[in-house]
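J.: Pasting a structure below so you can have a look.
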Amino acid sequence: MARVAYFSCMKHWVAYVIFVACLVVGLLTYKSYGLSWDDGAQHDIGEMTYFYIAKGDTALFTFKDKDYGVAFELPVVAMEQLWGLTSGHDVFTFRHLMVHLFFLLSSLFIYFFVIRLYNKKWLALAVMFLYIFQPVIYAHSFFNSKDIPMLAMFVICFWALLFFHQRQSILRLLLLALTTAFLLNLRLSGLFFIAMVGLYFFIQFFNKENITNNETISRGKTLLHFSLYLVAAFLLLWGTWPHLWHAPFHKLALAVQAMTHFRWGDNLLLFGHIINSTNLPFYYIPAWIILNNSVVIMLACMASFIFIPIIFIKKMKQLNTISLFNMLVWTLVIGTLCSIFILRPVLYDSWRQFFYLAPFLLLCATSFFYYLLKIKKAQWIVWSLLIYVSVHYAVSVATLFPYSHMYFTEWENKSKLNHLRTHYEMDYWGTVYAEAHKYILANDHRKKVPIKVNTTSGTMARYILPPEDEKRVIVSYTEGDYFITCFRYHPNGHPEYDGKKILFEIKRYNNIICRVYDLRADSSETPK
């Protein structure tokens, strides 16, 4: 048995090498990423829940974000408490590492998903590589503990569904329920996955034979499996989310309501227009998806949107696993986009609420490549395109480091000075502030250094600095010897500081994404 397991692992050694190589890169670079706007709030969610469980602190019940899931935040805070991490630098860099590790773990699941679905090793390796190095997602995989764990868990859930489909046992069904509960305990957008499971059982209900192995699956057994899945998923969700321990149905309903009508209403930038988040155009999310992905992936994905339902309909009488799961992936993407148009929820910057669609957009594109690979004369075209996108993504991550979340598709204008910054949200997370703080402190050796900022992330950035540097920073919205901007809410710059000395700038894609002004009366003097 051990020998069989060994040879089974060896079959996938290239995937493990990619995983380990990316892990090493992550371990060497995770401290380079700055603090995001939501880092502190996400930590508070886990900490409040931890103190409730460990110390009986009921402050959780009046906490404004009590309706956020804790499946990721709670274990991370528990480890933080166990290992005695106290400084902001240790706490937040540790969090960044944990987010990235979970994301990398999910890359193995998407690899095995593609292997199980198509049985094509090199196609699965290409998907794994593109999944990891999609530039926007890669940077977020360090500092975004809200959307990236959700994305990763969606992938794991789809793998669990395929795993169950290929042998329908109670144990595998309970594994599917467990992953679903974890997904919902991250964010209630996981309800979309429950809808996909419901669709899966609905299709099976009206198929006389099991799609995988021709085993007869009665309709009664299908209904039993679905019912057991729903009950187990809810019980596991209730058991792992302390917020639901009292009045679970009522609180769950309130959490769903809060998700669709979130308490946020700020201005966003798209195509050079400033628009309030409560009044965004219908194309806001699709536009950002196109802007943040390679044109090759988007064209392949759009082609798949047409032929996936056509193939599914043609094969309805003799449905196979490939057409079934392609249809589930297609339905998740199209269904999510349609729900945005219908429900009109409050949206955040770019498409980060729907980052979980990223792997499924990639899987839609993969289905197109898979069918093209069946055409002998088209095989070299497919592999050329996959190699091109892989190199393009890897080079983008390297050249934009550590700000690849500001990646834009190939066709967008990157040569004109500040074109992107004046047309789109760029570092809306404010991760650049950490590097700006470090530059100022490296050149101003005073015990206390007053710095002016104009966003919340600017004030928070000091917490990711080493403790001795954090103590030196005095941050204010009103005064300081220096002013740092990430140009959030000021895409055209700060004319009020014209004439002031520009001490430091961070530039990507010929766009200045961060600037430090010297506000002292005599800004020509050397900092001491």
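Within each chain, counting starts at residue 1; across the structure tokens, chains are named A, B, ... in the order shown, with ligands numbered 1 upward in that order.
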Phe193 in chain A: which residues within 9 Å, counting only C-alpha atoms, same-chain residues fewer than 4 positions away excluded, as a list of chain:residue names?

T.: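 Non-adjacent residues within range: A:Phe154, A:Cys157, A:Phe158, A:Thr180, A:Leu183, A:Ser189, A:Val197, A:Gly198, A:Leu332.
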
J.: For the residues selected in the previous step, produce a file with all heavy atoms as an mmCIF file, in the first residue's frame.

T.:
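See selection-v1.cif below for the written result:
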```cif
data_model
loop_
_atom_site.group_PDB
_atom_site.id
_atom_site.type_symbol
_atom_site.label_atom_id
_atom_site.label_comp_id
_atom_site.auth_asym_id
_atom_site.auth_seq_id
_atom_site.Cartn_x
_atom_site.Cartn_y
_atom_site.Cartn_z
ATOM 1 N N PHE A 154 -13.292 27.985 -2.362
ATOM 2 C CA PHE A 154 -14.186 27.646 -3.471
ATOM 3 C C PHE A 154 -13.567 26.547 -4.334
ATOM 4 O O PHE A 154 -14.244 25.613 -4.767
ATOM 5 C CB PHE A 154 -14.470 28.887 -4.328
ATOM 6 C CG PHE A 154 -15.905 29.342 -4.274
ATOM 7 C CD1 PHE A 154 -16.257 30.489 -3.593
ATOM 8 C CD2 PHE A 154 -16.897 28.633 -4.915
ATOM 9 C CE1 PHE A 154 -17.582 30.916 -3.536
ATOM 10 C CE2 PHE A 154 -18.231 29.049 -4.876
ATOM 11 C CZ PHE A 154 -18.568 30.199 -4.180
ATOM 12 N N CYS A 157 -13.717 23.286 -2.479
ATOM 13 C CA CYS A 157 -15.098 22.770 -2.489
ATOM 14 C C CYS A 157 -15.436 22.101 -3.818
ATOM 15 O O CYS A 157 -16.087 21.041 -3.844
ATOM 16 C CB CYS A 157 -16.080 23.903 -2.204
ATOM 17 S SG CYS A 157 -16.184 24.373 -0.467
ATOM 18 N N PHE A 158 -15.022 22.693 -4.920
ATOM 19 C CA PHE A 158 -15.308 22.072 -6.215
ATOM 20 C C PHE A 158 -14.541 20.761 -6.371
ATOM 21 O O PHE A 158 -15.053 19.794 -6.942
ATOM 22 C CB PHE A 158 -14.982 23.036 -7.363
ATOM 23 C CG PHE A 158 -16.206 23.684 -7.943
ATOM 24 C CD1 PHE A 158 -16.775 24.789 -7.336
ATOM 25 C CD2 PHE A 158 -16.813 23.178 -9.083
ATOM 26 C CE1 PHE A 158 -17.917 25.387 -7.849
ATOM 27 C CE2 PHE A 158 -17.954 23.759 -9.613
ATOM 28 C CZ PHE A 158 -18.510 24.870 -8.991
ATOM 29 N N THR A 180 -17.973 22.830 2.590
ATOM 30 C CA THR A 180 -19.025 23.833 2.368
ATOM 31 C C THR A 180 -19.211 24.706 3.605
ATOM 32 O O THR A 180 -19.340 25.932 3.500
ATOM 33 C CB THR A 180 -20.355 23.154 2.005
ATOM 34 O OG1 THR A 180 -20.191 22.359 0.845
ATOM 35 C CG2 THR A 180 -21.438 24.191 1.756
ATOM 36 N N LEU A 183 -16.457 27.114 3.851
ATOM 37 C CA LEU A 183 -16.643 28.170 2.847
ATOM 38 C C LEU A 183 -17.643 29.215 3.328
ATOM 39 O O LEU A 183 -17.397 30.425 3.256
ATOM 40 C CB LEU A 183 -17.116 27.547 1.537
ATOM 41 C CG LEU A 183 -17.417 28.510 0.381
ATOM 42 C CD1 LEU A 183 -16.138 29.168 -0.115
ATOM 43 C CD2 LEU A 183 -18.108 27.771 -0.765
ATOM 44 N N SER A 189 -21.154 34.426 0.554
ATOM 45 C CA SER A 189 -21.202 34.224 -0.897
ATOM 46 C C SER A 189 -21.066 32.754 -1.228
ATOM 47 O O SER A 189 -21.377 32.318 -2.349
ATOM 48 C CB SER A 189 -20.077 35.012 -1.584
ATOM 49 O OG SER A 189 -20.160 36.384 -1.270
ATOM 50 N N VAL A 197 -24.188 22.726 -5.854
ATOM 51 C CA VAL A 197 -24.413 21.362 -5.376
ATOM 52 C C VAL A 197 -25.869 20.966 -5.613
ATOM 53 O O VAL A 197 -26.170 19.837 -6.038
ATOM 54 C CB VAL A 197 -24.049 21.230 -3.884
ATOM 55 C CG1 VAL A 197 -24.379 19.824 -3.371
ATOM 56 C CG2 VAL A 197 -22.566 21.520 -3.662
ATOM 57 N N GLY A 198 -26.783 21.895 -5.352
ATOM 58 C CA GLY A 198 -28.198 21.638 -5.622
ATOM 59 C C GLY A 198 -28.429 21.336 -7.088
ATOM 60 O O GLY A 198 -29.189 20.416 -7.432
ATOM 61 N N LEU A 332 -21.774 28.771 -12.295
ATOM 62 C CA LEU A 332 -21.293 29.591 -11.187
ATOM 63 C C LEU A 332 -20.900 30.982 -11.671
ATOM 64 O O LEU A 332 -21.274 31.995 -11.068
ATOM 65 C CB LEU A 332 -20.101 28.925 -10.501
ATOM 66 C CG LEU A 332 -19.454 29.744 -9.379
ATOM 67 C CD1 LEU A 332 -20.396 29.898 -8.202
ATOM 68 C CD2 LEU A 332 -18.130 29.129 -8.932
#
```

J.: Could you tell me which of A:Met460, A:Leu269, A:Arg421, A:Ser107 comes closest to Gln134 in chain A if we count only C-alpha atoms?

T.: A:Ser107

J.: Using only C-alpha atoms, which residue out of A:His96, A:Lys64, A:His405, A:Lys120 lies closest to His12 in chain A?

T.: A:Lys120

J.: Could you give me, as JSON lines, a per-residue list for range 357-461 of chain A showing, wherever an atom lies at most 12 Å from an atom of range 39-42 of chain A, the closest pair of atoms and their distance in Å to one decimal, using only C-alpha atoms and sorting by chain then residue number from low to high?

T.:
```
{"residue": "A:Trp429", "atom": "CA", "partner": "A:Asp39", "partner_atom": "CA", "distance": 9.5}
{"residue": "A:Gly430", "atom": "CA", "partner": "A:Asp39", "partner_atom": "CA", "distance": 10.9}
{"residue": "A:Thr431", "atom": "CA", "partner": "A:Asp39", "partner_atom": "CA", "distance": 10.3}
{"residue": "A:Thr456", "atom": "CA", "partner": "A:Gly40", "partner_atom": "CA", "distance": 10.5}
{"residue": "A:Ser457", "atom": "CA", "partner": "A:Asp39", "partner_atom": "CA", "distance": 9.1}
{"residue": "A:Thr459", "atom": "CA", "partner": "A:Gly40", "partner_atom": "CA", "distance": 11.2}
{"residue": "A:Met460", "atom": "CA", "partner": "A:Gly40", "partner_atom": "CA", "distance": 7.9}
{"residue": "A:Ala461", "atom": "CA", "partner": "A:Asp39", "partner_atom": "CA", "distance": 9.9}
```

J.: Check the smallest atom-to-atom distance from each of A:Pro491, A:Pro450, A:Pro281, A:Pro242 to Arg462 in chain A using only C-alpha atoms, then report the winner.

T.: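 Between A:Pro491, A:Pro450, A:Pro281, A:Pro242, the residue approaching Arg462 in chain A most closely is A:Pro450.
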